[in-house]
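Data first, discussion second: the structure below is written as C-alpha cells.
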Amino acid sequence: MPYQRILDELLHAVDGHAALLLDGEGEVAIQAGARDERQRLIGAYQGIGLATARRTLARHGGGDPIRYMMCRYSAAIVILRPLKDGYYLVLSMPVDGRVAEGVHRSELTQQRLDREI
C-alpha cells in the first residue's frame with residue numbers, strides 16, 4: 001500500500017515538519033518527516049480533539065461532518081483531517097509555513113488515503 005509515499009509527497013509539497021496517519025486509538029500507522037515522540041504525542045492529542053468535536057457535533061444536531069480542523073501554536077500549525085474507518089491524518093507545519101497550501105494539499109491527501117484505506 002502506498003501510504004508512506006502519499007505522506008512523503010504531502011510533506012515535501014508543503015515543507016512540513018511531519019505527516020502522520022493514525023488509527024482511531026491514536027496509534028501511528030505511518031509517519032513521514034520528523035520521527036520523534038513529540039510528533040506522535042501531537043497526533044494522539046489531535047485525535048482526542050477530533051473525537052470530542054465529533055461527539056459535540058452529534059449531540060447538538062450539527063450538519064455536515066468535520067472536513068478538517070486547524071490549530072495554531074507558537075511553534076507550529078497542525079492540520080487534522082478525518083479519514084474513513086476511524087483513521088485520521090495529521091500535518092504539522094512551521095508557523096510561518098504555507099498554511100493555505102497545507103490545507104489544500106491535505107485535502108487532496110485525504111481523498112487519496114480514503115481511496116486506499
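Chain labels A, B, ... are given in the sequence in which chains occur in the C-alpha cells; within each chain residues are numbered consecutively from 1, and ligands are likewise numbered from 1 in the order shown.
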
For the structure I just gave you, how does DSSP split chain A - specifically, which residues are helix (DSSP H, G or I)? Reply as a PyMOL selection string. chain A and resi 3-14+37-59+84-86+99-116

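When the distance limit is 6 Å and only C-alpha atoms are what count, the residues near region 29-46 of chain A, minus those fewer than 6 positions from it on the same chain, are Leu7, Asp8, His17, Ala18, Ala19, Leu20, Leu21 and Leu22 of chain A.
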
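Using only C-alpha atoms, the residues found no farther than 10 Å from Pro94 (chain A), other than those of its own chain fewer than 4 positions away, are Val14, Asp15, Gly16, His17, Ala18, Arg72, Tyr73, Ser74, Ala75, Ala76, Ile77, Val78, Arg98 and Val99 of chain A.
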
Take the residues just selected and output them with N, CA and C atoms as a compact mmCIF listing (two decimals), in the first residue's frame.
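Done, and the output landed in out_26.txt:
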```
# COMPACT_ATOMS: atom_id res chain seq x y z
N VAL A 14 4.62 20.76 1.01
CA VAL A 14 4.33 21.91 1.88
C VAL A 14 5.48 22.26 2.83
N ASP A 15 6.60 21.56 2.72
CA ASP A 15 7.74 21.78 3.61
C ASP A 15 7.32 21.71 5.08
N GLY A 16 6.59 20.66 5.40
CA GLY A 16 6.09 20.49 6.76
C GLY A 16 7.08 19.81 7.68
N HIS A 17 6.73 19.78 8.96
CA HIS A 17 7.55 19.08 9.96
C HIS A 17 7.32 17.58 9.90
N ALA A 18 6.03 17.19 9.90
CA ALA A 18 5.68 15.77 9.93
C ALA A 18 4.27 15.57 9.39
N ARG A 72 -3.37 26.47 15.71
CA ARG A 72 -2.15 27.28 15.59
C ARG A 72 -1.52 27.36 16.97
N TYR A 73 -0.27 26.98 17.05
CA TYR A 73 0.50 27.05 18.28
C TYR A 73 1.67 27.99 18.06
N SER A 74 2.43 28.28 19.10
CA SER A 74 3.54 29.22 18.96
C SER A 74 4.64 28.71 18.04
N ALA A 75 4.81 27.39 17.97
CA ALA A 75 5.91 26.84 17.17
C ALA A 75 5.45 26.07 15.93
N ALA A 76 4.16 25.85 15.77
CA ALA A 76 3.70 25.05 14.63
C ALA A 76 2.21 25.27 14.38
N ILE A 77 1.81 24.88 13.20
CA ILE A 77 0.39 24.80 12.84
C ILE A 77 0.10 23.34 12.54
N VAL A 78 -1.01 22.86 13.06
CA VAL A 78 -1.39 21.46 12.87
C VAL A 78 -2.72 21.42 12.13
N ARG A 98 3.43 27.69 4.54
CA ARG A 98 2.38 27.97 3.54
C ARG A 98 1.10 27.23 3.96
N VAL A 99 0.38 27.84 4.88
CA VAL A 99 -0.76 27.19 5.51
C VAL A 99 -1.89 26.92 4.52
```

Test item: residues at most 10 Å from Gly24 (chain A), only C-alpha atoms, excluding those fewer than 6 positions along its chain, as a VMD selection string: chain A and resid 44 47 to 48 51 82 to 88

Since we have the selection now, will you write its residues out, keeping all heavy atoms, as an mmCIF file, in the first residue's frame?
```cif
data_model
loop_
_atom_site.group_PDB
_atom_site.id
_atom_site.type_symbol
_atom_site.label_atom_id
_atom_site.label_comp_id
_atom_site.auth_asym_id
_atom_site.auth_seq_id
_atom_site.Cartn_x
_atom_site.Cartn_y
_atom_site.Cartn_z
ATOM 1 N N ALA A 44 -1.707 12.016 18.643
ATOM 2 C CA ALA A 44 -2.694 11.414 19.545
ATOM 3 C C ALA A 44 -3.569 12.488 20.188
ATOM 4 O O ALA A 44 -4.793 12.335 20.286
ATOM 5 C CB ALA A 44 -1.988 10.587 20.612
ATOM 6 N N GLY A 47 -6.157 13.695 17.845
ATOM 7 C CA GLY A 47 -7.239 12.718 17.715
ATOM 8 C C GLY A 47 -8.275 12.860 18.818
ATOM 9 O O GLY A 47 -9.478 12.695 18.584
ATOM 10 N N ILE A 48 -7.819 13.168 20.020
ATOM 11 C CA ILE A 48 -8.751 13.404 21.134
ATOM 12 C C ILE A 48 -9.616 14.615 20.818
ATOM 13 O O ILE A 48 -10.833 14.598 21.030
ATOM 14 C CB ILE A 48 -7.981 13.597 22.457
ATOM 15 C CG1 ILE A 48 -7.297 12.294 22.858
ATOM 16 C CG2 ILE A 48 -8.911 14.089 23.563
ATOM 17 C CD1 ILE A 48 -6.288 12.433 23.981
ATOM 18 N N ALA A 51 -12.227 13.615 18.179
ATOM 19 C CA ALA A 51 -13.297 12.800 18.763
ATOM 20 C C ALA A 51 -14.254 13.657 19.587
ATOM 21 O O ALA A 51 -15.477 13.487 19.514
ATOM 22 C CB ALA A 51 -12.689 11.684 19.620
ATOM 23 N N PRO A 82 -10.079 14.022 9.216
ATOM 24 C CA PRO A 82 -10.610 12.680 9.461
ATOM 25 C C PRO A 82 -10.621 11.861 8.172
ATOM 26 O O PRO A 82 -10.813 12.402 7.080
ATOM 27 C CB PRO A 82 -12.031 12.945 9.959
ATOM 28 C CG PRO A 82 -12.386 14.295 9.438
ATOM 29 C CD PRO A 82 -11.102 15.059 9.296
ATOM 30 N N LEU A 83 -10.382 10.579 8.316
ATOM 31 C CA LEU A 83 -10.411 9.645 7.196
ATOM 32 C C LEU A 83 -11.462 8.577 7.482
ATOM 33 O O LEU A 83 -12.012 8.521 8.579
ATOM 34 C CB LEU A 83 -9.035 8.995 7.014
ATOM 35 C CG LEU A 83 -7.862 9.961 6.804
ATOM 36 C CD1 LEU A 83 -6.538 9.217 6.889
ATOM 37 C CD2 LEU A 83 -7.996 10.681 5.486
ATOM 38 N N LYS A 84 -11.700 7.720 6.539
ATOM 39 C CA LYS A 84 -12.699 6.683 6.765
ATOM 40 C C LYS A 84 -12.155 5.612 7.718
ATOM 41 O O LYS A 84 -10.943 5.547 7.960
ATOM 42 C CB LYS A 84 -13.183 6.082 5.452
ATOM 43 C CG LYS A 84 -12.193 5.250 4.706
ATOM 44 C CD LYS A 84 -12.837 4.739 3.421
ATOM 45 C CE LYS A 84 -11.949 3.729 2.740
ATOM 46 N NZ LYS A 84 -12.533 3.236 1.510
ATOM 47 N N ASP A 85 -13.055 4.830 8.254
ATOM 48 C CA ASP A 85 -12.740 3.729 9.163
ATOM 49 C C ASP A 85 -12.026 4.185 10.433
ATOM 50 O O ASP A 85 -11.264 3.426 11.037
ATOM 51 C CB ASP A 85 -11.912 2.649 8.456
ATOM 52 C CG ASP A 85 -12.662 1.971 7.325
ATOM 53 O OD1 ASP A 85 -13.914 2.030 7.325
ATOM 54 O OD2 ASP A 85 -12.012 1.401 6.443
ATOM 55 N N GLY A 86 -12.251 5.428 10.852
ATOM 56 C CA GLY A 86 -11.695 5.920 12.105
ATOM 57 C C GLY A 86 -10.274 6.439 12.032
ATOM 58 O O GLY A 86 -9.741 6.949 13.017
ATOM 59 N N TYR A 87 -9.630 6.332 10.898
ATOM 60 C CA TYR A 87 -8.270 6.848 10.752
ATOM 61 C C TYR A 87 -8.312 8.368 10.626
ATOM 62 O O TYR A 87 -9.354 8.949 10.319
ATOM 63 C CB TYR A 87 -7.595 6.264 9.507
ATOM 64 C CG TYR A 87 -7.205 4.826 9.662
ATOM 65 C CD1 TYR A 87 -8.100 3.808 9.359
ATOM 66 C CD2 TYR A 87 -5.932 4.476 10.113
ATOM 67 C CE1 TYR A 87 -7.742 2.481 9.506
ATOM 68 C CE2 TYR A 87 -5.563 3.147 10.251
ATOM 69 C CZ TYR A 87 -6.476 2.154 9.951
ATOM 70 O OH TYR A 87 -6.127 0.853 10.113
ATOM 71 N N TYR A 88 -7.174 8.991 10.857
ATOM 72 C CA TYR A 88 -7.080 10.431 10.624
ATOM 73 C C TYR A 88 -5.659 10.814 10.238
ATOM 74 O O TYR A 88 -4.702 10.084 10.497
ATOM 75 C CB TYR A 88 -7.593 11.246 11.816
ATOM 76 C CG TYR A 88 -6.900 11.017 13.133
ATOM 77 C CD1 TYR A 88 -5.927 11.898 13.591
ATOM 78 C CD2 TYR A 88 -7.236 9.944 13.945
ATOM 79 C CE1 TYR A 88 -5.298 11.714 14.804
ATOM 80 C CE2 TYR A 88 -6.616 9.741 15.167
ATOM 81 C CZ TYR A 88 -5.650 10.634 15.601
ATOM 82 O OH TYR A 88 -5.035 10.443 16.810
#
```

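Reported to one decimal place, the separation of CA of Leu89 (chain A) from CA of Arg112 (chain A) is 11.3 Å.
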
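Counting from CA of Ile6 (chain A), the distance to CA of Val103 (chain A) is 15.3 Å.
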
Which parts of region 13-106 of chain A does DSSP call strand (DSSP E) when run on the backbone here, written out as a ChimeraX atom specification? /A:18-22,28-33,69-72,76-82,88-94

Could the residues in this selection be saved with N, CA, C and O atoms as an mmCIF file, in the first residue's frame?
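That gives us part-v2.cif:
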```cif
data_model
loop_
_atom_site.group_PDB
_atom_site.id
_atom_site.type_symbol
_atom_site.label_atom_id
_atom_site.label_comp_id
_atom_site.auth_asym_id
_atom_site.auth_seq_id
_atom_site.Cartn_x
_atom_site.Cartn_y
_atom_site.Cartn_z
ATOM 1 N N ALA A 18 6.028 17.191 9.896
ATOM 2 C CA ALA A 18 5.684 15.770 9.932
ATOM 3 C C ALA A 18 4.274 15.569 9.386
ATOM 4 O O ALA A 18 3.437 16.463 9.455
ATOM 5 N N ALA A 19 4.035 14.385 8.852
ATOM 6 C CA ALA A 19 2.699 13.958 8.428
ATOM 7 C C ALA A 19 2.498 12.562 9.005
ATOM 8 O O ALA A 19 3.380 11.709 8.877
ATOM 9 N N LEU A 20 1.366 12.358 9.653
ATOM 10 C CA LEU A 20 1.106 11.086 10.310
ATOM 11 C C LEU A 20 -0.264 10.550 9.927
ATOM 12 O O LEU A 20 -1.224 11.320 9.820
ATOM 13 N N LEU A 21 -0.338 9.265 9.754
ATOM 14 C CA LEU A 21 -1.592 8.546 9.573
ATOM 15 C C LEU A 21 -1.795 7.767 10.865
ATOM 16 O O LEU A 21 -0.949 6.945 11.234
ATOM 17 N N LEU A 22 -2.892 8.057 11.569
ATOM 18 C CA LEU A 22 -3.155 7.425 12.853
ATOM 19 C C LEU A 22 -4.466 6.663 12.806
ATOM 20 O O LEU A 22 -5.387 7.025 12.066
ATOM 21 N N VAL A 28 0.097 5.600 15.790
ATOM 22 C CA VAL A 28 0.645 5.957 14.492
ATOM 23 C C VAL A 28 0.761 4.708 13.630
ATOM 24 O O VAL A 28 1.392 3.732 14.024
ATOM 25 N N ALA A 29 0.155 4.759 12.452
ATOM 26 C CA ALA A 29 0.269 3.661 11.492
ATOM 27 C C ALA A 29 1.434 3.919 10.547
ATOM 28 O O ALA A 29 2.237 3.028 10.283
ATOM 29 N N ILE A 30 1.538 5.145 10.045
ATOM 30 C CA ILE A 30 2.602 5.556 9.125
ATOM 31 C C ILE A 30 2.999 6.977 9.496
ATOM 32 O O ILE A 30 2.153 7.800 9.837
ATOM 33 N N GLN A 31 4.295 7.268 9.388
ATOM 34 C CA GLN A 31 4.790 8.592 9.736
ATOM 35 C C GLN A 31 5.840 9.030 8.724
ATOM 36 O O GLN A 31 6.690 8.245 8.330
ATOM 37 N N ALA A 32 5.759 10.300 8.337
ATOM 38 C CA ALA A 32 6.758 10.896 7.450
ATOM 39 C C ALA A 32 7.320 12.136 8.124
ATOM 40 O O ALA A 32 6.638 12.792 8.901
ATOM 41 N N GLY A 33 8.552 12.452 7.808
ATOM 42 C CA GLY A 33 9.180 13.636 8.378
ATOM 43 C C GLY A 33 9.792 13.349 9.732
ATOM 44 O O GLY A 33 10.317 12.258 9.964
ATOM 45 N N MET A 69 -9.721 20.237 10.841
ATOM 46 C CA MET A 69 -9.521 21.134 11.972
ATOM 47 C C MET A 69 -8.101 21.690 11.849
ATOM 48 O O MET A 69 -7.214 20.990 11.367
ATOM 49 N N MET A 70 -7.918 22.915 12.293
ATOM 50 C CA MET A 70 -6.587 23.508 12.250
ATOM 51 C C MET A 70 -6.324 24.189 13.589
ATOM 52 O O MET A 70 -7.181 24.901 14.105
ATOM 53 N N CYS A 71 -5.148 23.929 14.134
ATOM 54 C CA CYS A 71 -4.738 24.536 15.395
ATOM 55 C C CYS A 71 -3.429 25.277 15.181
ATOM 56 O O CYS A 71 -2.507 24.738 14.567
ATOM 57 N N ARG A 72 -3.370 26.475 15.707
ATOM 58 C CA ARG A 72 -2.150 27.277 15.595
ATOM 59 C C ARG A 72 -1.519 27.365 16.973
ATOM 60 O O ARG A 72 -2.168 27.765 17.943
ATOM 61 N N ALA A 76 4.163 25.851 15.771
ATOM 62 C CA ALA A 76 3.704 25.052 14.631
ATOM 63 C C ALA A 76 2.212 25.267 14.384
ATOM 64 O O ALA A 76 1.488 25.748 15.247
ATOM 65 N N ILE A 77 1.810 24.875 13.203
ATOM 66 C CA ILE A 77 0.394 24.796 12.838
ATOM 67 C C ILE A 77 0.105 23.340 12.542
ATOM 68 O O ILE A 77 0.889 22.670 11.863
ATOM 69 N N VAL A 78 -1.015 22.861 13.058
ATOM 70 C CA VAL A 78 -1.390 21.464 12.866
ATOM 71 C C VAL A 78 -2.724 21.416 12.132
ATOM 72 O O VAL A 78 -3.697 22.045 12.551
ATOM 73 N N ILE A 79 -2.737 20.675 11.046
ATOM 74 C CA ILE A 79 -3.959 20.455 10.265
ATOM 75 C C ILE A 79 -4.350 19.001 10.450
ATOM 76 O O ILE A 79 -3.531 18.098 10.265
ATOM 77 N N LEU A 80 -5.586 18.790 10.816
ATOM 78 C CA LEU A 80 -6.104 17.456 11.119
ATOM 79 C C LEU A 80 -7.258 17.154 10.180
ATOM 80 O O LEU A 80 -8.150 17.991 10.013
ATOM 81 N N ARG A 81 -7.214 15.985 9.556
ATOM 82 C CA ARG A 81 -8.290 15.590 8.640
ATOM 83 C C ARG A 81 -8.765 14.181 8.962
ATOM 84 O O ARG A 81 -7.971 13.247 8.998
ATOM 85 N N PRO A 82 -10.079 14.022 9.216
ATOM 86 C CA PRO A 82 -10.610 12.680 9.461
ATOM 87 C C PRO A 82 -10.621 11.861 8.172
ATOM 88 O O PRO A 82 -10.813 12.402 7.080
ATOM 89 N N TYR A 88 -7.174 8.991 10.857
ATOM 90 C CA TYR A 88 -7.080 10.431 10.624
ATOM 91 C C TYR A 88 -5.659 10.814 10.238
ATOM 92 O O TYR A 88 -4.702 10.084 10.497
ATOM 93 N N LEU A 89 -5.568 11.961 9.582
ATOM 94 C CA LEU A 89 -4.312 12.499 9.072
ATOM 95 C C LEU A 89 -3.949 13.740 9.873
ATOM 96 O O LEU A 89 -4.801 14.595 10.119
ATOM 97 N N VAL A 90 -2.692 13.821 10.280
ATOM 98 C CA VAL A 90 -2.188 14.999 10.978
ATOM 99 C C VAL A 90 -1.000 15.535 10.189
ATOM 100 O O VAL A 90 -0.067 14.791 9.879
ATOM 101 N N LEU A 91 -1.055 16.821 9.869
ATOM 102 C CA LEU A 91 0.040 17.503 9.189
ATOM 103 C C LEU A 91 0.534 18.618 10.093
ATOM 104 O O LEU A 91 -0.229 19.499 10.479
ATOM 105 N N SER A 92 1.813 18.570 10.464
ATOM 106 C CA SER A 92 2.430 19.591 11.296
ATOM 107 C C SER A 92 3.323 20.453 10.404
ATOM 108 O O SER A 92 4.162 19.932 9.671
ATOM 109 N N MET A 93 3.100 21.768 10.482
ATOM 110 C CA MET A 93 3.821 22.715 9.612
ATOM 111 C C MET A 93 4.444 23.829 10.441
ATOM 112 O O MET A 93 3.958 24.140 11.525
ATOM 113 N N PRO A 94 5.486 24.469 9.904
ATOM 114 C CA PRO A 94 6.037 25.641 10.590
ATOM 115 C C PRO A 94 4.982 26.744 10.692
ATOM 116 O O PRO A 94 4.126 26.874 9.820
#
```

CA of Asp23 (chain A) to CA of Arg59 (chain A) measures 23.1 Å

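If only C-alpha atoms are the atoms counted, then among A:Gly49, A:Thr109, A:Arg115, A:Gly97 the closest residue to Arg5 (chain A) is A:Thr109.
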